[in-house]
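Working notes for the structure below.
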Amino acid sequence: MEQPHTIIARRIAKELSPGMLVNLGIGIPTRVANFVPAGMNVFFQSENGLIGTGSIPEEGMAHPALTDAAGHPVMALPGASTFDSAISFGLIRGGHLDLTVLGALQVDQSGRLANWTIPNKMVPGMGGAMDLVSGAKRVIVATQHAAKGASKIVKKCTLPITSTRPVDLVVTELAVIAFRDDRAILLETGPGISVAQVVAATDAELVMPNNIPEMSL
Amino acid sequence: MIGGFLGVGTPERIIDEIVRQNRHDLTVIANDTATLDKGIGKLVRAKLLRKAIVSHIGLNAETQRQMMAGELEVELVPQGTLIERIRAGGYGLGGVLTQTGIGTSVEAGKQRVEVGGKPYLLEVALRADFALVQAFIADYLGNLGYALTGRNFNPVIAMAAETVIVSADNIVPVGVISPDHVVTPAPIVD
């Protein structure tokens, strides 16, 4: 049985197509880059001002001024470009980003995402999250289905939301969920997971189409 | 205003000197407060900041502690909005209209403006007394170039402050940087 984050990353990688400009958030989203089909050219943008984010450099090959948005040294792929933060967020806000993948604290059945603060407990700041969710052509949330036993897919977000723009897809280790007209629609179940298991694990109301296949990974 | 993204592209030598001179009660505008021992984190650790206007403080536990304890005022601004407010300040604009933050806690106290039937938040320009910039290369006149992801906020803050102080990895004779490769023109730099 694969780890949840591997299932999630592998499934989201299926949403990539050649030539896309993609932003991957910290945590599970960064793993999506590991599952891009061999030979498919996808441009990964890091919000700190790089398109062409590569993998982690070998010992001794890191450049102090070449990092990803989490501050980790990265390599830059051939054809990479670097630019300032105004251009970076122009790409993000201006609709040039085909896809952003980020994590969640909560997603509600309208598709609204809360992922930047737990007031009085965890206040890291929103960074680029609000711009990413508001500006990208497509927004996919990568998250484990529950945290500390509680469903992260809720009826209504109780935490401060990141944007009023509904996300397009939520992918967890148990389900793939889409959003339309303020309703959450169960599209697929996780490997070896039944529809009943998903419903039991989910706080939000789910619309159930006639055919709900298992994720094909 | 101080350049850098999690410390990358922050003028460390200028920061160290501010700490050495114990310049306190400062208001910093930057992307983030880095980590405990890097960049702006050193100013936080030395308790020199009164206020921070930033997009992110998640990687500096001391910043979060000072904020929760009421020792440091933190204004969190979405990164795209922050860089645009600074750009507006440098470009002589009163502010910008952005959809980022509409319907969230960021909207509090701000004006909504409708353009073409779409709602935007009016975000006002930001300027500063000083911009502390890290460049990769500077010629003797002050033309600047930047490297890789060390660029980030630097070229934008260089336009938006009264006094621009630059630290450069390389200082070279005039003519080494070709006109087409200059990112910040010399008259901007003090």
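Naming works like this for the structure tokens: A, B, ... for the chains as they're shown, residue 1 at the start of each chain, ligands 1 onward in shown order.
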
Practice task
Can you check which residues of chain A have any atom within 8 Å of chain B? Use only C-alpha atoms and format it as JSON, numbers by chain.
Solution key: {"A": [48, 49, 50, 64, 65, 66, 67, 69, 70, 71, 82, 83, 84, 85, 86, 89, 90, 93, 120, 123, 124, 125, 126, 127, 128, 129, 130, 131, 134, 135, 160, 161, 162, 163, 164]}

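Near Ala33 in chain A, within 9 Å and counting only C-alpha atoms, sit Ala9, Ala13, Leu24, Phe44, Gly54 and Ser55 of chain A; same-chain residues fewer than 5 positions away were not included.
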
Those residues you just picked out, can you put them in a file as a PDB file, in the first residue's frame with C-alpha atoms?
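In the end it all went to out.pdb:
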ATOM      1  CA  ALA A   9       1.145  13.353  -5.824  1.00  0.00           C
ATOM      2  CA  ALA A  13       0.638  14.492 -11.853  1.00  0.00           C
ATOM      3  CA  LEU A  24       3.823  23.701  -6.579  1.00  0.00           C
ATOM      4  CA  PHE A  44       7.694  24.702 -12.789  1.00  0.00           C
ATOM      5  CA  GLY A  54      14.738  21.496 -11.068  1.00  0.00           C
ATOM      6  CA  SER A  55      15.582  18.941  -8.416  1.00  0.00           C
TER       7      SER A  55
END

CA of Ala114 in chain A sits from CA of Cys157 in chain A at a separation of 6.7 Å

Could you give me the residues within range 24-89 of chain B that DSSP places in helix (DSSP H, G or I), as an MDAnalysis selection string?
chainID B and resid 40:45 61:68 79:89

Expected file: the selected residues, N, CA and C atoms, as a PDB file, in the first residue's frame:
ATOM      1  N   ILE B  40      16.909  39.265   7.741  1.00  0.00           N
ATOM      2  CA  ILE B  40      16.085  40.088   8.626  1.00  0.00           C
ATOM      3  C   ILE B  40      15.844  39.400   9.963  1.00  0.00           C
ATOM      4  N   GLY B  41      15.984  38.055   9.988  1.00  0.00           N
ATOM      5  CA  GLY B  41      15.847  37.315  11.243  1.00  0.00           C
ATOM      6  C   GLY B  41      16.804  37.823  12.313  1.00  0.00           C
ATOM      7  N   LYS B  42      17.979  38.300  11.869  1.00  0.00           N
ATOM      8  CA  LYS B  42      18.961  38.818  12.831  1.00  0.00           C
ATOM      9  C   LYS B  42      18.436  40.089  13.499  1.00  0.00           C
ATOM     10  N   LEU B  43      17.689  40.893  12.764  1.00  0.00           N
ATOM     11  CA  LEU B  43      17.109  42.125  13.335  1.00  0.00           C
ATOM     12  C   LEU B  43      16.020  41.777  14.346  1.00  0.00           C
ATOM     13  N   VAL B  44      15.254  40.715  14.017  1.00  0.00           N
ATOM     14  CA  VAL B  44      14.189  40.268  14.926  1.00  0.00           C
ATOM     15  C   VAL B  44      14.796  39.744  16.211  1.00  0.00           C
ATOM     16  N   ARG B  45      15.832  38.903  16.054  1.00  0.00           N
ATOM     17  CA  ARG B  45      16.496  38.288  17.209  1.00  0.00           C
ATOM     18  C   ARG B  45      17.073  39.364  18.126  1.00  0.00           C
ATOM     19  N   ALA B  61      10.340  31.383  14.178  1.00  0.00           N
ATOM     20  CA  ALA B  61       9.548  31.185  15.392  1.00  0.00           C
ATOM     21  C   ALA B  61       9.643  32.392  16.317  1.00  0.00           C
ATOM     22  N   GLU B  62      10.772  33.078  16.302  1.00  0.00           N
ATOM     23  CA  GLU B  62      10.964  34.242  17.170  1.00  0.00           C
ATOM     24  C   GLU B  62      10.055  35.403  16.741  1.00  0.00           C
ATOM     25  N   THR B  63       9.894  35.573  15.424  1.00  0.00           N
ATOM     26  CA  THR B  63       8.972  36.605  14.932  1.00  0.00           C
ATOM     27  C   THR B  63       7.563  36.317  15.429  1.00  0.00           C
ATOM     28  N   GLN B  64       7.148  35.061  15.301  1.00  0.00           N
ATOM     29  CA  GLN B  64       5.808  34.681  15.735  1.00  0.00           C
ATOM     30  C   GLN B  64       5.643  34.863  17.236  1.00  0.00           C
ATOM     31  N   ARG B  65       6.710  34.520  17.985  1.00  0.00           N
ATOM     32  CA  ARG B  65       6.648  34.671  19.447  1.00  0.00           C
ATOM     33  C   ARG B  65       6.502  36.147  19.832  1.00  0.00           C
ATOM     34  N   GLN B  66       7.326  37.008  19.207  1.00  0.00           N
ATOM     35  CA  GLN B  66       7.262  38.447  19.519  1.00  0.00           C
ATOM     36  C   GLN B  66       5.913  39.031  19.133  1.00  0.00           C
ATOM     37  N   MET B  67       5.361  38.532  18.025  1.00  0.00           N
ATOM     38  CA  MET B  67       4.049  39.022  17.587  1.00  0.00           C
ATOM     39  C   MET B  67       2.965  38.633  18.603  1.00  0.00           C
ATOM     40  N   MET B  68       2.947  37.350  18.986  1.00  0.00           N
ATOM     41  CA  MET B  68       1.945  36.869  19.946  1.00  0.00           C
ATOM     42  C   MET B  68       2.082  37.563  21.296  1.00  0.00           C
ATOM     43  N   GLN B  79       1.736  38.447  -0.817  1.00  0.00           N
ATOM     44  CA  GLN B  79       2.998  38.769  -1.457  1.00  0.00           C
ATOM     45  C   GLN B  79       2.829  39.563  -2.757  1.00  0.00           C
ATOM     46  N   GLY B  80       1.874  39.192  -3.566  1.00  0.00           N
ATOM     47  CA  GLY B  80       1.642  39.897  -4.828  1.00  0.00           C
ATOM     48  C   GLY B  80       1.176  41.329  -4.591  1.00  0.00           C
ATOM     49  N   THR B  81       0.343  41.504  -3.577  1.00  0.00           N
ATOM     50  CA  THR B  81      -0.140  42.843  -3.228  1.00  0.00           C
ATOM     51  C   THR B  81       1.001  43.682  -2.674  1.00  0.00           C
ATOM     52  N   LEU B  82       1.836  43.071  -1.821  1.00  0.00           N
ATOM     53  CA  LEU B  82       2.948  43.793  -1.209  1.00  0.00           C
ATOM     54  C   LEU B  82       3.913  44.307  -2.269  1.00  0.00           C
ATOM     55  N   ILE B  83       4.293  43.437  -3.204  1.00  0.00           N
ATOM     56  CA  ILE B  83       5.263  43.866  -4.218  1.00  0.00           C
ATOM     57  C   ILE B  83       4.662  44.946  -5.120  1.00  0.00           C
ATOM     58  N   GLU B  84       3.352  44.880  -5.369  1.00  0.00           N
ATOM     59  CA  GLU B  84       2.703  45.890  -6.198  1.00  0.00           C
ATOM     60  C   GLU B  84       2.564  47.224  -5.466  1.00  0.00           C
ATOM     61  N   ARG B  85       2.325  47.180  -4.157  1.00  0.00           N
ATOM     62  CA  ARG B  85       2.238  48.422  -3.377  1.00  0.00           C
ATOM     63  C   ARG B  85       3.586  49.127  -3.382  1.00  0.00           C
ATOM     64  N   ILE B  86       4.657  48.333  -3.300  1.00  0.00           N
ATOM     65  CA  ILE B  86       6.002  48.894  -3.332  1.00  0.00           C
ATOM     66  C   ILE B  86       6.291  49.445  -4.729  1.00  0.00           C
ATOM     67  N   ARG B  87       5.925  48.694  -5.747  1.00  0.00           N
ATOM     68  CA  ARG B  87       6.149  49.136  -7.124  1.00  0.00           C
ATOM     69  C   ARG B  87       5.396  50.440  -7.373  1.00  0.00           C
ATOM     70  N   ALA B  88       4.158  50.504  -6.897  1.00  0.00           N
ATOM     71  CA  ALA B  88       3.368  51.733  -7.065  1.00  0.00           C
ATOM     72  C   ALA B  88       4.071  52.898  -6.383  1.00  0.00           C
ATOM     73  N   GLY B  89       4.611  52.659  -5.198  1.00  0.00           N
ATOM     74  CA  GLY B  89       5.319  53.701  -4.466  1.00  0.00           C
ATOM     75  C   GLY B  89       6.534  54.198  -5.221  1.00  0.00           C
TER      76      GLY B  89
END

TODO: Determine which residues of range 178-208 of chain A receive a DSSP assignment of strand (DSSP E), computed from the backbone, and state them as a list in words.
DONE: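 Restricting range 178-208 of chain A to strand (DSSP E) produces Ala178, Phe179, Arg180, Arg183, Ala184, Ile185, Leu186, Leu187, Glu188, Thr189, Leu206 and Val207 of chain A.
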
Next item on the list: Find the spatial neighbours of Asp129 in chain B, counting only C-alpha atoms, within a cut-off of 8 Å - ignore same-chain residues fewer than 3 positions away - and output them as a list of chain:residue names.
Entry: B:Ala161, B:Glu162, B:Thr163

- Leaving out Arg112 in chain A and any residue of its chain fewer than 5 positions from it, which residues lie within 12 Å of it when counting only C-alpha atoms, given as an NGL selection string? (:A and (104-107 or 130 or 133-134 or 139-141 or 152-170 or 178-184 or 204)) or (:B and (103-104))

When you look at Arg10 in chain A with a cut-off of 7 Å (counting only C-alpha atoms), what residues show up, excluding the ones that are within fewer than 2 positions of it in the same chain? I need them as an mmCIF file with N, CA and C atoms, in the first residue's frame.
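Produced file out17.cif, reproduced below:
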data_model
loop_
_atom_site.group_PDB
_atom_site.id
_atom_site.type_symbol
_atom_site.label_atom_id
_atom_site.label_comp_id
_atom_site.auth_asym_id
_atom_site.auth_seq_id
_atom_site.Cartn_x
_atom_site.Cartn_y
_atom_site.Cartn_z
ATOM 1 N N THR A 6 2.213 9.870 -1.604
ATOM 2 C CA THR A 6 2.609 9.354 -2.919
ATOM 3 C C THR A 6 1.385 9.174 -3.806
ATOM 4 N N ILE A 7 0.309 8.630 -3.235
ATOM 5 C CA ILE A 7 -0.938 8.463 -3.989
ATOM 6 C C ILE A 7 -1.424 9.824 -4.491
ATOM 7 N N ILE A 8 -1.430 10.792 -3.585
ATOM 8 C CA ILE A 8 -1.928 12.126 -3.916
ATOM 9 C C ILE A 8 -1.082 12.759 -5.017
ATOM 10 N N ILE A 12 -2.239 13.675 -8.942
ATOM 11 C CA ILE A 12 -2.245 15.066 -9.419
ATOM 12 C C ILE A 12 -1.357 15.211 -10.654
ATOM 13 N N ALA A 13 -0.266 14.431 -10.696
ATOM 14 C CA ALA A 13 0.638 14.492 -11.853
ATOM 15 C C ALA A 13 -0.098 14.143 -13.147
ATOM 16 N N LYS A 14 -1.177 13.386 -13.043
ATOM 17 C CA LYS A 14 -1.964 13.030 -14.231
ATOM 18 C C LYS A 14 -2.658 14.258 -14.830
ATOM 19 N N VAL A 32 4.657 16.334 -6.516
ATOM 20 C CA VAL A 32 4.048 16.137 -7.839
ATOM 21 C C VAL A 32 5.128 16.137 -8.920
ATOM 22 N N PHE A 35 6.589 12.893 -10.302
ATOM 23 C CA PHE A 35 5.793 11.953 -11.080
ATOM 24 C C PHE A 35 5.394 12.493 -12.450
ATOM 25 N N LEU A 217 -3.785 5.027 -11.268
ATOM 26 C CA LEU A 217 -2.468 5.622 -11.066
ATOM 27 C C LEU A 217 -1.439 4.950 -11.976
#
